[in-house]
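Scroll down for the structure; my scribbles are underneath it.
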Amino acid sequence: MTDPVRALHDMAIELGAMVQNGLYYATDKYEIARYTRMREMTAEILALIADRDAADLLADIQMDRGHATPKVDVRAALFDGEDRVLLVREARDGRWCLPGGWVDALDLPHAAAEREFAEEAGLKVRTTKLAALHDGSVHNGHTGPWHVYKLLFLVERTDDADPVAGLDGETTDVRHFALDELPELSIGRTTAAQLELLLRHHREGRLATEVD
């Protein structure tokens, strides 16, 4: 049976992409006015299923310009000798996830993952493998205003520093966790299933990259 919330989210994302493309290419003032109202409706639809205000969602949507494409989110997994994974606590929702975030323009994907890890967990790391390329709508139940691709990397340490959170103001704690003792996860960023997948890749280096 189709999940009505998921279906509504997917329709809103598709509508938002059509609106963004329409505003990018439209020249007729009446057409622009229609697309502008449709953009407001996109935010209103998303607000029905997300715990956010429609005005805030609209502000996020309005930041995007040009032809609409998915955003790219990188996440990096560091396991210790006991197969515990390093997680950070997000300042926004107080829940835990892998260090990571948006890829910036001109970033190499692996370099973005390494930078985010240093900023959020205070450690220098080197990427060793792309374990998965996931569609965030499928795996993470995204309810935000964008379609997101998630790149999940394995990393290894390149220094002996102690992890420290909050260097970028976006995390408040950092710890190692066994996968059978996970804290409450920020599932839009990281799910237990993704951590289990990454652990399998950590243990078995020859596994093929999982690609949606």
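Residue numbering restarts at 1 in every chain; chains get A, B, ... in the order shown in the structure tokens, and ligands count up from 1 in that same order.
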Considering only C-alpha atoms, give me a table of residues in stretch 3-94 of chain A that are at most 12 Å from stretch 118-127 of chain A, with the closest atom pair and distance in Å for each, as a Markdown table.
| residue | atom | partner | partner_atom | distance |
| --- | --- | --- | --- | --- |
| A:Val74 | CA | A:Thr127 | CA | 11.3 |
| A:Arg75 | CA | A:Thr127 | CA | 10.6 |
| A:Ala76 | CA | A:Thr127 | CA | 7.9 |
| A:Ala77 | CA | A:Thr127 | CA | 9.2 |
| A:Leu78 | CA | A:Val125 | CA | 8.5 |
| A:Phe79 | CA | A:Val125 | CA | 11.6 |
| A:Leu86 | CA | A:Ala121 | CA | 8.5 |
| A:Leu87 | CA | A:Ala121 | CA | 8.2 |
| A:Val88 | CA | A:Ala121 | CA | 6.7 |
| A:Arg89 | CA | A:Glu120 | CA | 9.2 |
| A:Glu90 | CA | A:Glu120 | CA | 9.1 |
| A:Ala91 | CA | A:Glu120 | CA | 10.6 |
Using the chain letters and numbers from this document, which residues of stretch 15-211 of chain A does DSSP assign to alpha helix (DSSP H), as a ChimeraX atom specification? /A:15-25,29-49,54-63,109-121,136-139,192-203
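Taking atom CA of A:Leu130 and atom CA of A:Leu151 as the two end points, the separation is 7.1 Å.
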Mind running stretch 103-160 of chain A against stretch 187-193 of chain A at 9 Å and telling me each contacting residue's nearest atom pair with the distance in Å (one decimal), counting only C-alpha atoms, chain and number ascending, as a tab-separated table?
residue	atom	partner	partner_atom	distance
A:Gly136	CA	A:Gly188	CA	7.5
A:Ser137	CA	A:Gly188	CA	8.9
A:His139	CA	A:Thr191	CA	7.8
A:Asn140	CA	A:Gly188	CA	4.9
A:Gly141	CA	A:Gly188	CA	6.3
A:His142	CA	A:Gly188	CA	5.6
A:Thr143	CA	A:Gly188	CA	8.2
A:Lys150	CA	A:Arg189	CA	8.7
Selection file, N, CA, C and O atoms, as an mmCIF file, in the first residue's frame:
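Once written, part.cif looks like this:
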data_model
loop_
_atom_site.group_PDB
_atom_site.id
_atom_site.type_symbol
_atom_site.label_atom_id
_atom_site.label_comp_id
_atom_site.auth_asym_id
_atom_site.auth_seq_id
_atom_site.Cartn_x
_atom_site.Cartn_y
_atom_site.Cartn_z
ATOM 1 N N GLY A 136 17.804 9.892 -0.954
ATOM 2 C CA GLY A 136 17.351 10.210 0.390
ATOM 3 C C GLY A 136 15.852 10.068 0.581
ATOM 4 O O GLY A 136 15.390 9.767 1.682
ATOM 5 N N SER A 137 15.080 10.260 -0.469
ATOM 6 C CA SER A 137 13.633 10.100 -0.349
ATOM 7 C C SER A 137 13.267 8.648 -0.096
ATOM 8 O O SER A 137 12.314 8.353 0.623
ATOM 9 N N HIS A 139 15.499 6.158 1.224
ATOM 10 C CA HIS A 139 16.141 5.560 2.391
ATOM 11 C C HIS A 139 15.968 6.368 3.673
ATOM 12 O O HIS A 139 16.039 5.795 4.763
ATOM 13 N N ASN A 140 15.792 7.668 3.568
ATOM 14 C CA ASN A 140 15.817 8.513 4.762
ATOM 15 C C ASN A 140 14.508 9.233 5.041
ATOM 16 O O ASN A 140 14.428 10.021 5.981
ATOM 17 N N GLY A 141 13.492 8.979 4.234
ATOM 18 C CA GLY A 141 12.183 9.571 4.495
ATOM 19 C C GLY A 141 12.188 11.078 4.513
ATOM 20 O O GLY A 141 11.512 11.698 5.330
ATOM 21 N N HIS A 142 12.947 11.701 3.620
ATOM 22 C CA HIS A 142 13.055 13.154 3.622
ATOM 23 C C HIS A 142 11.693 13.818 3.452
ATOM 24 O O HIS A 142 10.890 13.408 2.617
ATOM 25 N N THR A 143 11.461 14.839 4.246
ATOM 26 C CA THR A 143 10.236 15.636 4.115
ATOM 27 C C THR A 143 10.556 17.102 3.817
ATOM 28 O O THR A 143 9.670 17.941 3.848
ATOM 29 N N LYS A 150 22.450 10.929 -1.428
ATOM 30 C CA LYS A 150 23.347 10.770 -0.288
ATOM 31 C C LYS A 150 24.518 9.871 -0.674
ATOM 32 O O LYS A 150 24.318 8.741 -1.116
#
Can you list, as a PyMOL selection string, all residues belonging to stretch 57-144 of chain A that DSSP tags as strand (DSSP E or B)? chain A and resi 71-77+79+85-90+96-97+100-102+125-135
What does the structure give for the distance between atom CA of A:Trp102 and atom CA of A:Pro70, in Å to one decimal? 11.3 Å
Counting only C-alpha atoms, which residues of stretch 114-193 of chain A sit at most 10 Å from some atom of stretch 15-39 of chain A, and what is each one's closest atom pair with its distance in Å to one decimal, listed by chain and rising residue number, as JSON lines?
{"residue": "A:Pro145", "atom": "CA", "partner": "A:Gly16", "partner_atom": "CA", "distance": 7.7}
{"residue": "A:Trp146", "atom": "CA", "partner": "A:Gly16", "partner_atom": "CA", "distance": 8.3}
{"residue": "A:His147", "atom": "CA", "partner": "A:Ala17", "partner_atom": "CA", "distance": 9.0}
Selection: 10 Å around A:Ala59, only C-alpha atoms, excl. self and same-chain fewer than 4 positions, as a CSV table (one decimal) with N, CA and C atoms, in the first residue's frame:
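Listed below is the output, selection05.csv:
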chain,number,residue,atom,x,y,z
A,40,GLU,N,4.5,28.9,-3.8
A,40,GLU,CA,3.9,29.0,-2.4
A,40,GLU,C,3.1,27.8,-2.1
A,43,ALA,N,5.4,24.9,-0.8
A,43,ALA,CA,5.7,25.1,0.6
A,43,ALA,C,4.6,24.8,1.5
A,54,ALA,N,5.3,27.0,6.8
A,54,ALA,CA,5.3,27.1,5.4
A,54,ALA,C,6.2,28.3,4.9
A,55,ALA,N,6.2,29.4,5.7
A,55,ALA,CA,7.0,30.5,5.4
A,55,ALA,C,8.5,30.2,5.4
A,63,MET,N,15.6,30.0,-2.3
A,63,MET,CA,17.1,30.2,-2.4
A,63,MET,C,17.7,29.5,-3.6
A,64,ASP,N,16.9,28.5,-4.1
A,64,ASP,CA,17.4,27.8,-5.3
A,64,ASP,C,17.1,28.6,-6.6
Given the choices A:Ala161, A:Leu106, A:Leu98, A:Leu152, which gets closest to A:Glu210 if the distance is worked out from only C-alpha atoms?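 Comparing A:Ala161, A:Leu106, A:Leu98, A:Leu152 against A:Glu210, the winner is A:Leu152.
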Given only C-alpha atoms as the counted atoms, nearest of A:Leu167, A:Ala50, A:Ala111, A:Cys97 to A:His9: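 Between A:Leu167, A:Ala50, A:Ala111, A:Cys97, the residue approaching A:His9 most closely is A:Ala50.
Shortest separation to A:Ile13 among A:Gly144, A:Gly169, A:Pro109, A:Pro183 occurs at residue A:Gly144, atoms counted being only C-alpha atoms.
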To one decimal place, how far is atom CA of A:Pro99 from atom CA of A:Asp80 in Å?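 Interatomic distance here is 15.1 Å.
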Excluding A:Gly81 and residues on its chain fewer than 6 positions from it, collect all residues at most 12 Å away from it, counting only C-alpha atoms, and give them as a PyMOL selection string. chain A and resi 156-157+176-178+199+202-203
Serialized selection, C-alpha atoms, as a PDB file, in the first residue's frame:
ATOM      1  CA  GLU A 156      40.111   6.223   8.242  1.00  0.00           C
ATOM      2  CA  ARG A 157      41.919   8.483  10.719  1.00  0.00           C
ATOM      3  CA  HIS A 176      31.444   6.091  19.460  1.00  0.00           C
ATOM      4  CA  PHE A 177      28.470   3.710  19.563  1.00  0.00           C
ATOM      5  CA  ALA A 178      28.018  -0.005  19.052  1.00  0.00           C
ATOM      6  CA  LEU A 199      29.644  -1.786   8.925  1.00  0.00           C
ATOM      7  CA  HIS A 202      34.007  -1.930   6.849  1.00  0.00           C
ATOM      8  CA  ARG A 203      34.278  -5.636   7.628  1.00  0.00           C
TER       9      ARG A 203
END
